[in-house]
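**Student:** What follows is protein23.txt, compact mmCIF, N, CA and C atoms.
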```txt
# COMPACT_ATOMS: atom_id res chain seq x y z
N MET A 1 -81.48 4.58 70.95
CA MET A 1 -82.57 4.60 69.99
C MET A 1 -82.70 6.03 69.48
N ASN A 2 -82.71 6.19 68.15
CA ASN A 2 -82.89 7.49 67.52
C ASN A 2 -84.32 7.64 67.06
N LYS A 3 -84.89 8.83 67.28
CA LYS A 3 -86.27 9.10 66.85
C LYS A 3 -86.25 10.24 65.84
N TYR A 4 -87.06 10.09 64.79
CA TYR A 4 -87.15 11.09 63.74
C TYR A 4 -88.61 11.29 63.37
N GLN A 5 -88.91 12.47 62.84
CA GLN A 5 -90.23 12.74 62.28
C GLN A 5 -90.03 13.17 60.83
N TYR A 6 -90.76 12.52 59.92
CA TYR A 6 -90.68 12.81 58.49
C TYR A 6 -92.06 13.19 57.98
N LYS A 7 -92.09 13.97 56.93
CA LYS A 7 -93.34 14.27 56.23
C LYS A 7 -93.09 13.91 54.77
N VAL A 8 -93.87 12.96 54.24
CA VAL A 8 -93.74 12.50 52.86
C VAL A 8 -95.09 12.69 52.19
N GLN A 9 -95.14 13.50 51.15
CA GLN A 9 -96.37 13.80 50.41
C GLN A 9 -97.49 14.18 51.36
N GLY A 10 -97.19 15.02 52.36
CA GLY A 10 -98.19 15.53 53.27
C GLY A 10 -98.56 14.59 54.41
N VAL A 11 -97.93 13.42 54.51
CA VAL A 11 -98.24 12.46 55.56
C VAL A 11 -97.08 12.43 56.55
N ASP A 12 -97.40 12.55 57.86
CA ASP A 12 -96.38 12.53 58.90
C ASP A 12 -96.03 11.09 59.27
N TYR A 13 -94.73 10.84 59.48
CA TYR A 13 -94.24 9.53 59.90
C TYR A 13 -93.35 9.72 61.11
N ASP A 14 -93.59 8.94 62.18
CA ASP A 14 -92.70 8.89 63.34
C ASP A 14 -91.84 7.65 63.17
N VAL A 15 -90.52 7.83 63.12
CA VAL A 15 -89.61 6.73 62.85
C VAL A 15 -88.64 6.60 64.02
N GLU A 16 -88.54 5.39 64.57
CA GLU A 16 -87.58 5.09 65.62
C GLU A 16 -86.62 4.03 65.09
N ILE A 17 -85.34 4.29 65.17
CA ILE A 17 -84.34 3.30 64.80
C ILE A 17 -83.89 2.64 66.09
N GLU A 18 -84.26 1.37 66.28
CA GLU A 18 -83.93 0.67 67.51
C GLU A 18 -82.48 0.24 67.53
N GLU A 19 -82.03 -0.41 66.45
CA GLU A 19 -80.64 -0.85 66.39
C GLU A 19 -80.25 -1.13 64.95
N VAL A 20 -78.94 -1.11 64.71
CA VAL A 20 -78.41 -1.43 63.40
C VAL A 20 -77.33 -2.48 63.61
N GLU A 21 -77.53 -3.66 63.01
CA GLU A 21 -76.55 -4.74 63.08
C GLU A 21 -76.14 -5.10 61.67
N GLY A 22 -74.92 -4.82 61.31
CA GLY A 22 -74.46 -5.11 59.95
C GLY A 22 -75.27 -4.32 58.95
N ASN A 23 -76.01 -5.02 58.10
CA ASN A 23 -76.80 -4.33 57.08
C ASN A 23 -78.30 -4.40 57.37
N VAL A 24 -78.71 -4.70 58.62
CA VAL A 24 -80.12 -4.77 58.97
C VAL A 24 -80.40 -3.77 60.10
N ALA A 25 -81.37 -2.91 59.85
CA ALA A 25 -81.80 -1.94 60.86
C ALA A 25 -83.18 -2.36 61.35
N LYS A 26 -83.38 -2.32 62.65
CA LYS A 26 -84.68 -2.58 63.24
C LYS A 26 -85.31 -1.22 63.51
N VAL A 27 -86.44 -0.96 62.81
CA VAL A 27 -87.08 0.35 62.92
C VAL A 27 -88.56 0.18 63.23
N ILE A 28 -89.14 1.25 63.79
CA ILE A 28 -90.58 1.31 64.03
C ILE A 28 -91.08 2.54 63.30
N VAL A 29 -92.03 2.34 62.36
CA VAL A 29 -92.62 3.45 61.60
C VAL A 29 -94.09 3.54 61.97
N ASN A 30 -94.48 4.66 62.59
CA ASN A 30 -95.86 4.87 63.04
C ASN A 30 -96.38 3.66 63.82
N GLY A 31 -95.54 3.11 64.71
CA GLY A 31 -95.95 2.01 65.57
C GLY A 31 -95.84 0.63 64.95
N ILE A 32 -95.40 0.52 63.69
CA ILE A 32 -95.26 -0.78 63.02
C ILE A 32 -93.78 -1.10 62.91
N ARG A 33 -93.41 -2.29 63.39
CA ARG A 33 -92.01 -2.71 63.41
C ARG A 33 -91.60 -3.29 62.05
N PHE A 34 -90.42 -2.89 61.56
CA PHE A 34 -89.86 -3.38 60.31
C PHE A 34 -88.40 -3.74 60.50
N ASP A 35 -87.94 -4.75 59.76
CA ASP A 35 -86.51 -5.01 59.61
C ASP A 35 -86.15 -4.48 58.24
N VAL A 36 -85.28 -3.48 58.19
CA VAL A 36 -84.90 -2.84 56.94
C VAL A 36 -83.50 -3.30 56.57
N GLU A 37 -83.37 -3.90 55.40
CA GLU A 37 -82.07 -4.36 54.94
C GLU A 37 -81.41 -3.26 54.13
N LEU A 38 -80.24 -2.85 54.59
CA LEU A 38 -79.49 -1.81 53.90
C LEU A 38 -78.73 -2.43 52.74
N LYS A 39 -78.67 -1.73 51.61
CA LYS A 39 -77.95 -2.26 50.46
C LYS A 39 -76.45 -2.22 50.68
N GLN A 40 -76.01 -1.34 51.59
CA GLN A 40 -74.58 -1.22 51.88
C GLN A 40 -74.45 -1.14 53.39
N PRO A 41 -73.66 -2.02 54.02
CA PRO A 41 -73.54 -2.01 55.48
C PRO A 41 -72.95 -0.69 55.96
N ILE A 42 -73.38 -0.30 57.16
CA ILE A 42 -72.81 0.89 57.78
C ILE A 42 -72.31 0.53 59.16
N ASN A 43 -71.42 1.32 59.69
CA ASN A 43 -70.89 1.11 61.02
C ASN A 43 -71.71 1.96 61.97
N PRO A 44 -72.50 1.37 62.89
CA PRO A 44 -73.38 2.16 63.74
C PRO A 44 -72.63 3.11 64.67
N THR A 45 -71.33 2.91 64.89
CA THR A 45 -70.58 3.82 65.75
C THR A 45 -70.06 5.02 65.00
N SER A 46 -70.13 5.00 63.67
CA SER A 46 -69.66 6.14 62.88
C SER A 46 -70.83 7.04 62.55
N THR A 47 -70.54 8.18 61.97
CA THR A 47 -71.57 9.12 61.57
C THR A 47 -72.39 8.51 60.44
N LEU A 48 -73.71 8.59 60.58
CA LEU A 48 -74.58 8.04 59.55
C LEU A 48 -74.46 8.85 58.28
N LYS A 49 -74.45 8.16 57.16
CA LYS A 49 -74.42 8.79 55.85
C LYS A 49 -75.69 8.41 55.13
N LYS A 50 -76.01 9.13 54.06
CA LYS A 50 -77.19 8.78 53.27
C LYS A 50 -76.96 7.41 52.65
N VAL A 51 -77.93 6.52 52.85
CA VAL A 51 -77.85 5.15 52.33
C VAL A 51 -79.18 4.82 51.69
N ARG A 52 -79.15 4.26 50.49
CA ARG A 52 -80.38 3.83 49.82
C ARG A 52 -80.79 2.50 50.43
N VAL A 53 -82.05 2.40 50.87
CA VAL A 53 -82.53 1.17 51.49
C VAL A 53 -83.64 0.56 50.65
N GLU A 54 -83.77 -0.75 50.76
CA GLU A 54 -84.86 -1.44 50.09
C GLU A 54 -86.12 -1.24 50.89
N ALA A 55 -87.27 -1.49 50.28
CA ALA A 55 -88.55 -1.35 50.96
C ALA A 55 -88.57 -2.25 52.18
N PRO A 56 -89.06 -1.76 53.32
CA PRO A 56 -89.07 -2.56 54.53
C PRO A 56 -90.03 -3.74 54.43
N LYS A 57 -89.69 -4.83 55.12
CA LYS A 57 -90.56 -6.00 55.18
C LYS A 57 -91.10 -6.07 56.60
N PRO A 58 -92.40 -6.29 56.77
CA PRO A 58 -92.96 -6.31 58.12
C PRO A 58 -92.49 -7.54 58.89
N VAL A 59 -92.37 -7.38 60.21
CA VAL A 59 -92.02 -8.48 61.08
C VAL A 59 -93.29 -9.30 61.30
N ALA A 60 -93.20 -10.60 61.15
CA ALA A 60 -94.38 -11.46 61.29
C ALA A 60 -94.89 -11.42 62.72
N ARG A 61 -96.17 -11.19 62.86
CA ARG A 61 -96.83 -11.18 64.17
C ARG A 61 -98.12 -11.97 64.03
N PRO A 62 -98.17 -13.18 64.53
CA PRO A 62 -99.35 -14.00 64.33
C PRO A 62 -100.60 -13.45 65.00
N ALA A 63 -100.50 -12.70 66.08
CA ALA A 63 -101.68 -12.25 66.81
C ALA A 63 -102.41 -11.10 66.14
N ALA A 64 -101.70 -10.27 65.37
CA ALA A 64 -102.35 -9.10 64.77
C ALA A 64 -101.87 -8.92 63.34
N PRO A 65 -102.75 -8.48 62.44
CA PRO A 65 -102.31 -8.25 61.06
C PRO A 65 -101.35 -7.07 61.00
N VAL A 66 -100.40 -7.15 60.07
CA VAL A 66 -99.40 -6.09 59.90
C VAL A 66 -99.65 -5.41 58.57
N ALA A 67 -99.53 -4.11 58.54
CA ALA A 67 -99.76 -3.34 57.32
C ALA A 67 -98.75 -3.71 56.25
N ALA A 68 -99.15 -3.55 54.98
CA ALA A 68 -98.26 -3.82 53.86
C ALA A 68 -97.09 -2.86 53.92
N PRO A 69 -95.88 -3.30 53.55
CA PRO A 69 -94.72 -2.41 53.58
C PRO A 69 -94.84 -1.32 52.52
N ALA A 70 -94.30 -0.18 52.84
CA ALA A 70 -94.32 0.94 51.90
C ALA A 70 -93.07 0.91 51.05
N ALA A 71 -93.22 1.19 49.79
CA ALA A 71 -92.06 1.29 48.92
C ALA A 71 -91.35 2.59 49.24
N ALA A 72 -90.10 2.67 48.89
CA ALA A 72 -89.36 3.91 49.09
C ALA A 72 -90.11 5.01 48.36
N PRO A 73 -90.38 6.14 49.02
CA PRO A 73 -91.18 7.18 48.39
C PRO A 73 -90.50 7.79 47.18
N ALA A 74 -91.31 8.04 46.16
CA ALA A 74 -90.79 8.73 44.98
C ALA A 74 -90.68 10.20 45.31
N ALA A 75 -90.03 10.95 44.45
CA ALA A 75 -89.93 12.39 44.67
C ALA A 75 -91.34 12.96 44.76
N PRO A 76 -91.60 13.81 45.77
CA PRO A 76 -92.95 14.34 45.92
C PRO A 76 -93.39 15.15 44.71
N VAL A 77 -94.66 15.00 44.38
CA VAL A 77 -95.25 15.76 43.29
C VAL A 77 -96.13 16.82 43.93
N ALA A 78 -95.99 18.06 43.52
CA ALA A 78 -96.79 19.13 44.10
C ALA A 78 -98.26 18.91 43.79
N ALA A 79 -99.09 18.99 44.80
CA ALA A 79 -100.53 18.83 44.61
C ALA A 79 -101.09 20.09 43.97
N GLY A 80 -102.10 19.91 43.14
CA GLY A 80 -102.74 21.04 42.49
C GLY A 80 -103.70 21.73 43.44
N ASP A 81 -104.32 22.80 42.96
CA ASP A 81 -105.29 23.52 43.77
C ASP A 81 -106.54 22.67 43.92
N GLY A 82 -107.16 22.72 45.09
CA GLY A 82 -108.40 22.01 45.30
C GLY A 82 -108.38 21.17 46.55
N SER A 83 -109.30 20.22 46.60
CA SER A 83 -109.46 19.35 47.77
C SER A 83 -108.74 18.03 47.54
N PRO A 84 -107.94 17.60 48.51
CA PRO A 84 -107.20 16.34 48.34
C PRO A 84 -108.09 15.12 48.57
N ILE A 85 -107.83 14.08 47.82
CA ILE A 85 -108.42 12.77 48.08
C ILE A 85 -107.29 11.94 48.68
N LYS A 86 -107.51 11.45 49.91
CA LYS A 86 -106.45 10.75 50.64
C LYS A 86 -106.74 9.26 50.72
N ALA A 87 -105.66 8.48 50.85
CA ALA A 87 -105.78 7.03 50.98
C ALA A 87 -106.46 6.69 52.31
N PRO A 88 -107.55 5.93 52.27
CA PRO A 88 -108.24 5.58 53.51
C PRO A 88 -107.52 4.48 54.30
N LEU A 89 -106.58 3.76 53.63
CA LEU A 89 -105.82 2.71 54.26
C LEU A 89 -104.56 2.47 53.43
N PRO A 90 -103.54 1.84 54.00
CA PRO A 90 -102.33 1.58 53.22
C PRO A 90 -102.59 0.51 52.16
N GLY A 91 -101.92 0.64 51.03
CA GLY A 91 -102.09 -0.35 49.96
C GLY A 91 -101.29 0.01 48.74
N THR A 92 -101.65 -0.62 47.62
CA THR A 92 -100.96 -0.42 46.35
C THR A 92 -101.94 0.07 45.30
N ILE A 93 -101.54 1.07 44.53
CA ILE A 93 -102.39 1.61 43.46
C ILE A 93 -102.40 0.59 42.33
N ILE A 94 -103.57 0.05 42.03
CA ILE A 94 -103.72 -0.97 40.98
C ILE A 94 -104.07 -0.32 39.65
N GLU A 95 -104.94 0.67 39.67
CA GLU A 95 -105.39 1.28 38.42
C GLU A 95 -105.85 2.71 38.66
N LEU A 96 -105.41 3.62 37.79
CA LEU A 96 -105.90 5.00 37.80
C LEU A 96 -107.03 5.08 36.78
N LYS A 97 -108.18 5.60 37.18
CA LYS A 97 -109.34 5.67 36.30
C LYS A 97 -109.56 7.07 35.72
N VAL A 98 -108.78 8.07 36.20
CA VAL A 98 -108.93 9.45 35.73
C VAL A 98 -107.57 10.02 35.36
N ASN A 99 -107.61 11.14 34.65
CA ASN A 99 -106.40 11.88 34.29
C ASN A 99 -106.55 13.31 34.74
N VAL A 100 -105.45 14.03 34.83
CA VAL A 100 -105.51 15.46 35.16
C VAL A 100 -106.35 16.15 34.09
N GLY A 101 -107.28 16.99 34.53
CA GLY A 101 -108.16 17.71 33.61
C GLY A 101 -109.52 17.06 33.46
N ASP A 102 -109.68 15.80 33.90
CA ASP A 102 -110.98 15.13 33.81
C ASP A 102 -111.97 15.76 34.79
N THR A 103 -113.23 15.85 34.36
CA THR A 103 -114.31 16.33 35.23
C THR A 103 -114.92 15.13 35.92
N VAL A 104 -115.10 15.23 37.25
CA VAL A 104 -115.65 14.13 38.03
C VAL A 104 -116.81 14.63 38.87
N LYS A 105 -117.67 13.68 39.25
CA LYS A 105 -118.81 13.98 40.12
C LYS A 105 -118.68 13.11 41.37
N VAL A 106 -119.36 13.50 42.42
CA VAL A 106 -119.36 12.73 43.65
C VAL A 106 -119.74 11.28 43.34
N GLY A 107 -118.95 10.33 43.82
CA GLY A 107 -119.23 8.91 43.62
C GLY A 107 -118.52 8.29 42.44
N ASP A 108 -117.93 9.12 41.53
CA ASP A 108 -117.17 8.56 40.41
C ASP A 108 -115.94 7.83 40.95
N VAL A 109 -115.61 6.67 40.36
CA VAL A 109 -114.41 5.93 40.77
C VAL A 109 -113.19 6.62 40.19
N LEU A 110 -112.25 6.98 41.07
CA LEU A 110 -111.04 7.69 40.67
C LEU A 110 -109.87 6.73 40.45
N LEU A 111 -109.75 5.73 41.32
CA LEU A 111 -108.66 4.77 41.22
C LEU A 111 -109.01 3.53 42.02
N VAL A 112 -108.22 2.48 41.82
CA VAL A 112 -108.41 1.23 42.56
C VAL A 112 -107.19 1.02 43.43
N LEU A 113 -107.43 0.82 44.73
CA LEU A 113 -106.37 0.62 45.72
C LEU A 113 -106.49 -0.80 46.27
N GLU A 114 -105.43 -1.58 46.14
CA GLU A 114 -105.44 -2.94 46.68
C GLU A 114 -104.85 -2.92 48.08
N ALA A 115 -105.59 -3.47 49.03
CA ALA A 115 -105.13 -3.56 50.42
C ALA A 115 -105.53 -4.92 50.96
N MET A 116 -104.57 -5.65 51.49
CA MET A 116 -104.81 -6.98 52.05
C MET A 116 -105.55 -7.88 51.05
N LYS A 117 -105.09 -7.86 49.81
CA LYS A 117 -105.60 -8.69 48.72
C LYS A 117 -107.04 -8.39 48.34
N MET A 118 -107.52 -7.19 48.70
CA MET A 118 -108.86 -6.77 48.29
C MET A 118 -108.73 -5.48 47.49
N GLN A 119 -109.48 -5.40 46.40
CA GLN A 119 -109.46 -4.19 45.58
C GLN A 119 -110.55 -3.24 46.07
N ASN A 120 -110.15 -1.99 46.34
CA ASN A 120 -111.06 -0.98 46.86
C ASN A 120 -111.18 0.15 45.86
N ASN A 121 -112.41 0.46 45.44
CA ASN A 121 -112.63 1.61 44.56
C ASN A 121 -112.57 2.87 45.42
N ILE A 122 -111.72 3.80 45.04
CA ILE A 122 -111.65 5.09 45.72
C ILE A 122 -112.49 6.06 44.90
N GLU A 123 -113.55 6.55 45.52
CA GLU A 123 -114.53 7.39 44.82
C GLU A 123 -114.33 8.86 45.15
N SER A 124 -114.79 9.70 44.23
CA SER A 124 -114.71 11.14 44.42
C SER A 124 -115.65 11.58 45.53
N GLU A 125 -115.15 12.45 46.38
CA GLU A 125 -115.97 13.02 47.45
C GLU A 125 -116.49 14.39 47.04
N PHE A 126 -116.05 14.88 45.85
CA PHE A 126 -116.38 16.22 45.40
C PHE A 126 -116.72 16.22 43.92
N ASP A 127 -117.50 17.20 43.48
CA ASP A 127 -117.66 17.49 42.06
C ASP A 127 -116.52 18.43 41.68
N GLY A 128 -115.98 18.27 40.49
CA GLY A 128 -114.94 19.19 40.06
C GLY A 128 -114.05 18.61 38.98
N THR A 129 -112.87 19.18 38.87
CA THR A 129 -111.89 18.77 37.86
C THR A 129 -110.64 18.26 38.57
N VAL A 130 -110.09 17.16 38.09
CA VAL A 130 -108.85 16.62 38.65
C VAL A 130 -107.72 17.60 38.33
N THR A 131 -107.13 18.19 39.38
CA THR A 131 -106.06 19.18 39.15
C THR A 131 -104.67 18.59 39.28
N SER A 132 -104.54 17.45 40.00
CA SER A 132 -103.25 16.77 40.08
C SER A 132 -103.46 15.33 40.51
N ILE A 133 -102.52 14.48 40.09
CA ILE A 133 -102.48 13.09 40.52
C ILE A 133 -101.09 12.88 41.09
N THR A 134 -100.99 12.52 42.36
CA THR A 134 -99.69 12.43 43.03
C THR A 134 -99.18 11.00 43.18
N VAL A 135 -99.90 10.03 42.58
CA VAL A 135 -99.49 8.63 42.65
C VAL A 135 -99.46 8.04 41.24
N LYS A 136 -98.85 6.87 41.13
CA LYS A 136 -98.85 6.18 39.84
C LYS A 136 -99.16 4.71 40.07
N GLN A 137 -99.57 4.04 39.02
CA GLN A 137 -99.91 2.63 39.10
C GLN A 137 -98.73 1.83 39.62
N GLY A 138 -99.00 0.92 40.56
CA GLY A 138 -97.96 0.07 41.13
C GLY A 138 -97.31 0.66 42.37
N GLU A 139 -97.60 1.92 42.69
CA GLU A 139 -96.99 2.59 43.84
C GLU A 139 -97.69 2.18 45.12
N SER A 140 -96.92 1.97 46.18
CA SER A 140 -97.48 1.70 47.50
C SER A 140 -97.69 3.02 48.22
N VAL A 141 -98.80 3.12 48.93
CA VAL A 141 -99.12 4.34 49.67
C VAL A 141 -99.49 3.99 51.11
N MET A 142 -99.27 4.94 52.00
CA MET A 142 -99.64 4.79 53.39
C MET A 142 -101.00 5.45 53.62
N GLU A 143 -101.66 5.07 54.69
CA GLU A 143 -102.93 5.69 55.04
C GLU A 143 -102.73 7.20 55.20
N GLY A 144 -103.63 7.98 54.61
CA GLY A 144 -103.57 9.43 54.70
C GLY A 144 -102.77 10.11 53.62
N ALA A 145 -102.10 9.33 52.76
CA ALA A 145 -101.33 9.92 51.67
C ALA A 145 -102.27 10.57 50.66
N VAL A 146 -101.88 11.73 50.15
CA VAL A 146 -102.70 12.41 49.14
C VAL A 146 -102.54 11.65 47.81
N LEU A 147 -103.67 11.19 47.26
CA LEU A 147 -103.66 10.43 46.02
C LEU A 147 -103.82 11.35 44.82
N LEU A 148 -104.78 12.28 44.93
CA LEU A 148 -105.02 13.25 43.86
C LEU A 148 -105.78 14.42 44.44
N THR A 149 -105.92 15.46 43.63
CA THR A 149 -106.60 16.68 44.07
C THR A 149 -107.70 17.03 43.08
N ILE A 150 -108.84 17.43 43.63
CA ILE A 150 -109.98 17.84 42.80
C ILE A 150 -110.29 19.29 43.11
N GLY A 151 -110.30 20.12 42.06
CA GLY A 151 -110.55 21.56 42.24
C GLY A 151 -111.89 21.97 41.69
```
Take the structure in this file and express it as structure tokens.
**Tutor:**
Amino acid sequence: MNKYQYKVQGVDYDVEIEEVEGNVAKVIVNGIRFDVELKQPINPTSTLKKVRVEAPKPVARPAAPVAAPAAAPAAPVAAGDGSPIKAPLPGTIIELKVNVGDTVKVGDVLLVLEAMKMQNNIESEFDGTVTSITVKQGESVMEGAVLLTIG
């Protein structure tokens, strides 16, 4: 079993690769088990090469709910100066309600995050100006991911 630590857009991920059979890898990401289908099979006895993978699909577990799978991360966007607004739970960005340069007040709705088929308004925790937006509509995010920055 191989263990790795990754940081994507400021969020830490602990990844364990349990096994690779043909084009399916069994992995655990932050304690959640996924079967990841590789687009191109690799030989687990040879040196691993960079391989593009499809978004992981969660393993069905009837006893406990499983988090939505994360899409392959896009190239990180540098956050602007200010205070980050982070995802309170994993989900998909449904709608951005602000743009960079917009002035916001505490309680203003910044974006809508869908999680477990519920739409959640993500509100500003600060007064200020939106200095960066690090997500886009339709993107999947993990809990703790920086969504935007208010300066």
**Student:** Residues near segment 108-122 of chain A, anyone? I mean within 8 Å using only C-alpha atoms, not counting same-chain ones fewer than 5 positions away, as a count of residues only.
**Tutor:** 11
**Student:** In Å, rounded to a single decimal, give me how far atom CA of Ser83 of chain A is from atom C of Thr129 of chain A.
**Tutor:**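 We find that atom C of Thr129 of chain A and atom CA of Ser83 of chain A lie 9.3 Å from each other.
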**Student:** Just give me the gap between atom CA of Ile85 of chain A and atom N of Lys7 of chain A in Å, one decimal is fine.
**Tutor:** 18.6 Å
**Student:** For Met142 of chain A, which of A:Val11, A:Ile17, A:Ile32, A:Val100 is the closest residue, counting only N, CA and C atoms?
**Tutor:** A:Val11
**Student:** What's the 6.5 Å shell around Val106 of chain A, counting all atoms listed in the file, without same-chain residues fewer than 4 positions away, as a list in words?
**Tutor:**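 Here the answer would be Glu123, Ser124, Glu125, Phe126, Asp127 and Gly128 of chain A.
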**Student:** Would you save the residues from that selection as a compact mmCIF listing (two decimals), in the coordinates of the input, using N, CA and C atoms?
**Tutor:**
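And here is the file that came out, again_3.txt:
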```txt
# COMPACT_ATOMS: atom_id res chain seq x y z
N GLU A 123 -113.55 6.55 45.52
CA GLU A 123 -114.53 7.39 44.82
C GLU A 123 -114.33 8.86 45.15
N SER A 124 -114.79 9.70 44.23
CA SER A 124 -114.71 11.14 44.42
C SER A 124 -115.65 11.58 45.53
N GLU A 125 -115.15 12.45 46.38
CA GLU A 125 -115.97 13.02 47.45
C GLU A 125 -116.49 14.39 47.04
N PHE A 126 -116.05 14.88 45.85
CA PHE A 126 -116.38 16.22 45.40
C PHE A 126 -116.72 16.22 43.92
N ASP A 127 -117.50 17.20 43.48
CA ASP A 127 -117.66 17.49 42.06
C ASP A 127 -116.52 18.43 41.68
N GLY A 128 -115.98 18.27 40.49
CA GLY A 128 -114.94 19.19 40.06
C GLY A 128 -114.05 18.61 38.98
```
**Student:** Choose the residue, out of A:Thr103, A:Asn2, A:Thr149, A:Ser132, that has the smallest atom-to-atom separation from Glu18 of chain A; count all atoms listed in the file.
**Tutor:** A:Asn2
